[in-house]
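Just model15.txt here, compact mmCIF, C-alpha atoms:
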```
# COMPACT_ATOMS: atom_id res chain seq x y z
CA VAL A 1 -27.37 -57.74 -50.64
CA GLU A 2 -30.30 -60.12 -50.33
CA LEU A 3 -32.86 -59.15 -47.71
CA PRO A 4 -35.58 -61.43 -46.40
CA ARG A 5 -39.11 -60.76 -47.59
CA GLY A 6 -40.84 -57.92 -45.80
CA TRP A 7 -37.99 -55.40 -45.60
CA LEU A 8 -38.51 -51.92 -47.02
CA ASP A 9 -36.03 -49.42 -48.48
CA ALA A 10 -36.15 -46.44 -46.10
CA SER A 11 -35.12 -44.07 -48.91
CA ASP A 12 -38.63 -44.51 -50.31
CA VAL A 13 -40.02 -42.58 -47.33
CA ARG A 14 -37.18 -40.39 -46.01
CA PRO A 15 -33.80 -39.00 -47.07
CA VAL A 16 -30.83 -41.37 -46.64
CA PRO A 17 -27.20 -40.20 -47.01
CA ASP A 18 -25.42 -41.24 -50.22
CA HIS A 19 -22.95 -43.47 -48.35
CA GLN A 20 -25.76 -45.50 -46.70
CA GLU A 21 -28.50 -47.93 -47.57
CA VAL A 22 -31.16 -48.20 -44.87
CA PHE A 23 -33.86 -50.85 -44.62
CA THR A 24 -36.67 -51.28 -42.13
CA GLU A 25 -38.69 -54.35 -41.37
CA ALA A 26 -42.34 -54.09 -42.39
CA ALA A 27 -45.32 -55.26 -40.38
CA GLY A 28 -44.45 -53.33 -37.20
CA ALA A 29 -41.36 -55.32 -36.27
CA GLN A 30 -39.17 -52.19 -35.79
CA ARG A 31 -35.80 -53.72 -36.73
CA SER A 32 -33.57 -51.75 -39.07
CA ILE A 33 -30.45 -52.42 -41.13
CA VAL A 34 -27.93 -49.77 -42.13
CA ILE A 35 -25.26 -50.65 -44.68
CA GLU A 36 -22.70 -47.90 -45.04
CA LEU A 37 -19.36 -47.12 -46.58
CA VAL A 38 -17.00 -45.61 -44.02
CA GLU A 39 -13.42 -44.41 -44.11
CA PRO A 40 -11.03 -46.72 -42.29
CA LEU A 41 -10.27 -45.53 -38.78
CA ASP A 42 -6.89 -43.84 -38.47
CA GLY A 43 -4.19 -45.97 -36.88
CA THR A 44 -6.43 -49.02 -36.47
CA ALA A 45 -5.69 -51.93 -38.76
CA ASP A 46 -7.35 -54.62 -36.64
CA ALA A 47 -10.98 -55.30 -37.64
CA LEU A 48 -11.88 -56.26 -34.05
CA ALA A 49 -10.61 -52.93 -32.73
CA CYS A 50 -12.39 -51.09 -35.55
CA VAL A 51 -15.77 -52.71 -34.97
CA ARG A 52 -15.49 -51.91 -31.25
CA GLU A 53 -14.64 -48.29 -32.04
CA HIS A 54 -17.64 -48.00 -34.38
CA PHE A 55 -19.88 -49.44 -31.63
CA GLU A 56 -18.50 -46.92 -29.15
CA GLU A 57 -19.07 -44.10 -31.63
CA LEU A 58 -22.69 -45.20 -32.13
CA ALA A 59 -23.10 -45.39 -28.35
CA SER A 60 -21.48 -42.02 -27.61
CA GLU A 61 -24.86 -40.41 -26.84
CA CYS A 62 -26.23 -43.43 -24.96
CA ARG A 63 -26.71 -43.66 -21.23
CA ARG A 64 -24.90 -47.02 -21.20
CA ALA A 65 -23.56 -49.50 -23.72
CA ASN A 66 -22.30 -53.04 -23.30
CA VAL A 67 -20.44 -55.34 -25.70
CA GLU A 68 -21.75 -58.89 -25.35
CA ARG A 69 -19.49 -60.55 -27.92
CA CYS A 70 -16.93 -59.53 -30.53
CA GLU A 71 -15.29 -61.94 -32.96
CA ALA A 72 -13.18 -62.08 -36.08
CA LEU A 73 -14.66 -64.11 -38.93
CA ASP A 74 -12.99 -65.86 -41.81
CA VAL A 75 -12.99 -63.56 -44.86
CA GLY A 76 -14.81 -66.39 -46.68
CA SER A 77 -17.92 -65.42 -44.68
CA ALA A 78 -18.31 -62.51 -47.15
CA PRO A 79 -17.59 -64.19 -50.51
CA GLY A 80 -18.90 -61.31 -52.65
CA VAL A 81 -16.49 -58.79 -51.14
CA ASN A 82 -12.72 -58.56 -51.51
CA ALA A 83 -12.30 -58.22 -47.75
CA ALA A 84 -8.97 -58.11 -45.96
CA SER A 85 -10.75 -58.92 -42.68
CA VAL A 86 -14.25 -59.28 -41.23
CA ALA A 87 -15.41 -58.82 -37.62
CA THR A 88 -18.76 -58.84 -35.85
CA LEU A 89 -19.93 -57.35 -32.58
CA HIS A 90 -23.08 -57.93 -30.55
CA GLY A 91 -24.02 -55.38 -27.91
CA VAL A 92 -26.76 -53.48 -26.12
CA GLN A 93 -27.22 -49.72 -26.06
CA ASP A 94 -29.34 -48.03 -23.40
CA VAL A 95 -30.36 -44.99 -25.44
CA SER A 96 -32.97 -43.41 -23.15
CA PRO A 97 -35.52 -44.41 -20.50
CA ALA A 98 -37.81 -45.46 -23.35
CA VAL A 99 -35.30 -46.99 -25.79
CA LEU A 100 -33.09 -50.04 -25.33
CA LEU A 101 -31.44 -51.49 -28.45
CA HIS A 102 -29.79 -54.77 -29.28
CA VAL A 103 -27.11 -53.85 -31.84
CA ARG A 104 -25.24 -56.20 -34.14
CA LEU A 105 -22.40 -54.84 -36.26
CA ALA A 106 -20.38 -56.41 -39.05
CA LEU A 107 -17.29 -54.67 -40.38
CA MET A 108 -15.62 -55.63 -43.65
CA ARG A 109 -12.28 -54.01 -44.40
CA LEU A 110 -11.94 -53.75 -48.18
CA ALA A 111 -8.50 -54.90 -49.25
CA GLY A 112 -6.57 -52.06 -50.92
CA HIS A 113 -9.53 -49.70 -51.39
CA GLY A 114 -9.37 -47.33 -48.41
CA THR A 115 -12.97 -48.10 -47.46
CA ASP A 116 -14.74 -50.24 -44.89
CA ILE A 117 -18.28 -51.57 -45.12
CA LEU A 118 -20.23 -51.39 -41.87
CA ILE A 119 -23.52 -53.25 -41.45
CA THR A 120 -25.60 -52.34 -38.40
CA LEU A 121 -28.69 -54.29 -37.34
CA HIS A 122 -30.85 -52.68 -34.62
CA ARG A 123 -33.60 -54.42 -32.66
CA PRO A 124 -35.54 -52.52 -29.99
CA LEU A 125 -35.75 -54.42 -26.71
CA PRO A 126 -38.76 -54.18 -24.40
CA ARG A 127 -38.69 -51.95 -21.32
CA PRO A 128 -38.56 -53.46 -18.81
CA PRO A 129 -36.52 -56.27 -20.35
CA SER A 130 -38.53 -59.41 -21.08
CA LEU A 131 -38.33 -62.24 -18.60
CA ASP A 132 -39.06 -64.75 -21.37
CA ALA A 133 -35.55 -66.09 -22.01
CA GLU A 134 -36.71 -68.32 -24.86
CA ASP A 135 -38.14 -65.37 -26.82
CA SER A 136 -34.92 -63.41 -26.23
CA LEU A 137 -32.79 -66.34 -27.41
CA ASP A 138 -34.97 -66.83 -30.49
CA ALA A 139 -34.69 -63.11 -31.39
CA ALA A 140 -30.93 -63.12 -30.84
CA ALA A 141 -30.51 -66.22 -33.01
CA ALA A 142 -32.69 -64.68 -35.74
CA ASP A 143 -30.61 -61.48 -35.70
CA THR A 144 -27.33 -63.37 -35.81
CA GLY A 145 -28.62 -65.48 -38.70
CA LEU A 146 -29.75 -62.36 -40.56
CA LEU A 147 -26.38 -60.63 -40.07
CA HIS A 148 -24.51 -63.69 -41.37
CA ALA A 149 -26.91 -63.99 -44.33
CA LEU A 150 -26.24 -60.34 -45.18
CA LEU A 151 -22.49 -60.97 -45.07
CA ARG A 152 -22.83 -64.00 -47.35
CA SER A 153 -25.05 -62.19 -49.87
CA LEU A 154 -23.35 -58.78 -50.00
CA ARG A 155 -21.57 -58.23 -53.29
CA VAL A 156 -19.48 -55.35 -54.61
CA ASP A 157 -20.00 -55.12 -58.37
CA ASP A 158 -17.76 -52.12 -59.14
CA TYR A 159 -14.60 -51.53 -57.13
CA GLY A 160 -13.95 -48.48 -59.35
CA LEU A 161 -16.31 -46.59 -57.01
CA PHE A 162 -13.63 -46.73 -54.32
CA HIS A 163 -10.44 -44.72 -54.29
CA PRO A 164 -7.24 -46.51 -53.36
CA PRO A 165 -5.71 -45.27 -50.11
CA GLY A 166 -3.08 -42.58 -50.33
```
Taking this structure as input, can you express it in the form of structure tokens?
Amino acid sequence: VELPRGWLDASDVRPVPDHQEVFTEAAGAQRSIVIELVEPLDGTADALACVREHFEELASECRRANVERCEALDVGSAPGVNAASVATLHGVQDVSPAVLLHVRLALMRLAGHGTDILITLHRPLPRPPSLDAEDSLDAAAADTGLLHALLRSLRVDDYGLFHPPG
């Protein structure tokens, strides 16, 4: 995957599980990206339902969580991945009195490989929420653009790493 300049590999400073790649934005910006390989959810073939379930799982310890938008994308939006389907979700998670997160997820269901790729982009939101709507819109547009750029640049070089379902 191609990251914009200024992103750091978190594994250089802390342990990261083998099924994840974690990146943090340098220069105090506090955004993070997690790219992980996950097993497909049992009984859920629909990418939209899966991305919602992953969001709910991430939010299970939150005080509140809200889905702002969820949409299926054309599989051509991830040209470097043999995806059966692609979906994105934008939401907010109220983690604690001090932490409010804007969360963007992208789920790519790998065709015939029994694995999904989940990309999670987190951006802390100010408490109390900012009244500057223009700044909020600019940040949301930047995050959406970054998520779509990640989808376009992600490439699987060796499908032999994945086991076929069954």
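Ranking A:Ala72, A:Leu105, A:Ala84, A:Val51 by their shortest atom-to-atom distance to Val34 (chain A), with only C-alpha atoms included, puts A:Leu105 first.
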Shell around Pro126 (chain A) at 9 Å using all atoms listed in the file, local window under 4 positions removed, as a PDB file with C-alpha atoms, in the frame of the given file:
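As written to disk, part.pdb reads:
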```
ATOM      1  CA  ALA A  98     -37.810 -45.460 -23.350  1.00  0.00           C
ATOM      2  CA  VAL A  99     -35.300 -46.990 -25.790  1.00  0.00           C
ATOM      3  CA  LEU A 100     -33.090 -50.040 -25.330  1.00  0.00           C
ATOM      4  CA  LEU A 101     -31.440 -51.490 -28.450  1.00  0.00           C
ATOM      5  CA  SER A 130     -38.530 -59.410 -21.080  1.00  0.00           C
TER       6      SER A 130
END
```
Dig up all the protein and nucleic acid residues within 9 Å of (-31.6, -54.7, -32.8) in the file frame, using all atoms listed in the file, and format them as a PyMOL selection string. chain A and resi 30-33+92+100-104+120-125+140+143
Counting all atoms listed in the file, write as a count of residues only all protein and nucleic acid residues lying at most 7 Å from (-20.5, -57.3, -40.8) in the file's frame. 11
Please identify all polymer residues within 12 Å of Ala65 (chain A), counting all atoms listed in the file, omitting same-chain residues fewer than 5 positions from it, and present them as a PyMOL selection string. chain A and resi 52+55-60+90-96+100-103
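The smallest atom-to-atom distance between Ser153 (chain A) and any of A:Ile117, A:Val81, A:Val16, A:Leu110, using only C-alpha atoms, is found for A:Val81.
CA of Arg109 (chain A) sits 7.0 Å away from CA of Ala47 (chain A).
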Return as AutoDock Vina command-line options the box centre and box size in Å, one decimal, for an axis-aligned box around all listed atoms of region 24-40 of chain A padded by 8 Å per side.
```
--center_x -28.2 --center_y -49.9 --center_z -41.2 --size_x 50.3 --size_y 26.9 --size_z 26.8
```
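Across A:Asp9, A:Glu2, A:Glu25, A:Glu68, the tightest approach to Leu154 (chain A) is made by A:Glu2 when counting all atoms listed in the file.
Using only C-alpha atoms for every distance, the candidate list A:Arg14, A:His148, A:His19, A:Arg155 yields A:His148 as the residue closest to Leu73 (chain A).
Going from CA of Ser136 (chain A) over to CA of Ala49 (chain A), you cover 27.3 Å.
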Residue nearest Leu161 (chain A) among A:Ala149, A:Leu48, A:Thr115, A:Asp138 (counting all atoms listed in the file):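 Of the candidates, the smallest distance to Leu161 (chain A) is held by A:Thr115.
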Please determine, counting only C-alpha atoms, which residue among A:Ala111, A:Ala27, A:Ala10, A:Cys50 has the shortest atom-to-atom distance to Asn82 (chain A). A:Ala111
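CA of Arg63 (chain A) sits 25.6 Å away from CA of Gln20 (chain A).
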